[in-house]
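Worksheet: one structure, shown below.
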Amino acid sequence: MNPVRISSVSGSLANPVPPPSAQEIQGLLRGVIDPELGSDIVDLGMVKRVDVSPEGDVTVSIALTTTGCPLRAQIQKDIRARVGSLPGVRSTHLNWTELSSEEKSAAMARARWNARENAPATMVPPTTKVLAIGSGKGGVGKSSITVNLAVALALRGLRVGVMDADIWGFSVPRMLGLEGRLRGTMADDQRKQIIPLRTSIGDGELEVVSMGLLVEDEESALMWRGLMLNRAVQHFLEDVQWGDLAYLLIDLPPGTGDVQMGLARLLPRSDMIVVTTPALAAQKVAARAVNMARKCYLRVAGIIENMSEFTCEHGTTYRLFGAGGGEALARAAGAPLLGQVPLEPAVASGADDGRPVALGEGVAAEAFRAIAERIVTDAAPPVDMASCSARLLDAAIAALDAAPTGVDTSTAT
Ligand SMILES: Nc1ncnc2c1ncn2[C@@H]1O[C@H](COP(=O)(O)OP(=O)(O)OP(=O)(O)O)[C@@H](O)[C@H]1O
Ligand SMILES: [Mg+2]
């Protein structure tokens, strides 16, 4: 195999931002998961070579388990989205080959090992698309957007998880009108696990976890709290029995930092959606969340501008918080502007009444539905496993189930 060439040549005048190094690109590719094997493509030995020209033209050579795999389009899209979002990248070219049979066995062994070693690490299914909603700033509507997007996605018949990562300032339960409590259960290995609160929305379902849903009145509450407060987000990822989610939406606390970094470490395949208001000053603060995402190799899937305009009952439209912040941030981040949500009193009253505006009609509801459509069809589509015939993950799991504990390993492949 050819050695990876590291290139960090400064850009020419036509391309003033220096191109990223091959190593940076490899780091970013660690966020691309082969959905069947449940591990990242670098770890699985599928990234054969990365070349970067001084002009910022990137060529990535990828070897797949089978070149005919229908998941190729998915992987391709993911690589392009990630590499293309790096400053200094002018073009992305992909070369496809097939793993040799030895490499295939090595990839399978690696996937199996990862499945075993990482099984307790996160309980978020490898086929779940993870979207973290953040902003550098407080009060811009992260929680409102998380909750309404979750509802809009569920209304499309999807199963959607909502993880309230705002441990101290949780607002998701109130916004969704949830009154139940999370229940604990004991896993086979005697680890305590949490069952998310489930609620049907149209043909879809929401699974919600928040500090606000922890048991309050029983003795176990104290134990849960002691257990959780320290590393709540990690516990939410590791110890929650998430179902077979199409999406997991994570409502990040205001600011940048610990939670975002922890997420990047535990779930490097997470995408970020950054929320800003139209004010240019707010956009500058939100840009910090974009920079942080870059540093942690998280892909920014898009920008949402919230509180865009207000149309009064007489039909006059006011731009109360200025204009242009969303567009400007999208340009700076190299990510699409997924939509603009108007300022509408129903968003706030819906949050207070526990009936998200996306359940009803109106301009904000339409905006949320349009953003959900954009996410599903284009910006961060759900992982489609149905079309893949090669079901390698099932084979790996079957082999795992058969091999380690029983005396008879004759069925293991
Ligand atoms: N489009 C909108 N129209 C009207 N009110 C809105 C809109 N978006 C959010 N709000 C209101 O603005 C306030 C702040 O929203 P929200 O709590 O979602 O922001 P946040 O970014 O999650 O805040 P925090 O940083 O405190 O977590 C809430 O009262 C909410 O109802
Ligand atoms: Mg919030």
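Chain labels follow the order of the structure tokens: the first chain is A, the next B, and so on; residue numbering restarts at 1 in every chain, and ligands are counted from 1 in their shown order.
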
How would you write, as a ChimeraX atom specification, the set of residues no farther than 8 Å from ligand 1 when counting only C-alpha atoms and all ligand atoms? /A:134-135,137-146,166,169-171,251-255,275,306-308,341-352,364

Near Pro268 (chain A), counting only C-alpha atoms, which residues have an atom at most 9 Å away, once you skip same-chain residues fewer than 3 positions from it, shown as a PyMOL selection string? chain A and resi 30-32+263-265+271+296-298

Near-region 91-104 of chain A list (12 Å; only C-alpha atoms; drop same-chain fewer than 5 positions) as a PyMOL selection string: chain A and resi 15+19+25+37+41+44-69+72-73+75-86+109-111+392

Where does DSSP see strand (DSSP E or B) in region 22-67 of chain A, if you list the residues as an MDAnalysis selection string? chainID A and resid 33:34 39:40 47:52 57:64

Take the residues just selected and output them with C-alpha atoms as a short mmCIF file (atom, residue, chain, number, x, y, z; two decimals), in the first residue's frame.
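Printed below is again-v4.cif as written:
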```cif
data_model
loop_
_atom_site.label_atom_id
_atom_site.label_comp_id
_atom_site.auth_asym_id
_atom_site.auth_seq_id
_atom_site.Cartn_x
_atom_site.Cartn_y
_atom_site.Cartn_z
CA ILE A 33 -19.39 4.86 10.05
CA ASP A 34 -19.95 1.81 7.89
CA SER A 39 -17.35 0.95 13.08
CA ASP A 40 -15.63 3.87 11.40
CA VAL A 47 -9.42 4.30 3.84
CA LYS A 48 -6.54 3.26 1.62
CA ARG A 49 -5.05 6.59 0.77
CA VAL A 50 -5.64 10.31 1.18
CA ASP A 51 -3.95 12.83 -1.11
CA VAL A 52 -4.25 16.59 -0.93
CA ASP A 57 -8.06 19.01 -4.30
CA VAL A 58 -8.58 15.97 -2.11
CA THR A 59 -8.53 12.39 -3.38
CA VAL A 60 -9.64 9.65 -1.02
CA SER A 61 -9.28 5.98 -1.98
CA ILE A 62 -11.85 3.79 -0.27
CA ALA A 63 -12.07 0.01 -0.30
CA LEU A 64 -15.48 -1.46 0.48
#
```

So that I can see what lies close to Thr127 (chain A), please list as a PyMOL selection string the residues with an atom at most 12 Å from it, counting only C-alpha atoms and leaving out residues fewer than 3 positions away in the same chain. chain A and resi 32-39+71+74+123-124+130+242-248+269-270+381-386+393

Closest to ligand 2 among A:Val172, A:Ala301, A:Val17, A:Val160, using only C-alpha atoms and all ligand atoms?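 Nearest to ligand 2: A:Val172.
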
Close residues, region 181-192 of chain A itself excluded, 7 Å, only C-alpha atoms, min 3 positions apart in chain, as a list in words: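 Non-adjacent residues within range: Ile195, Pro196, Leu197, Leu213, Leu214 and Val215 of chain A.
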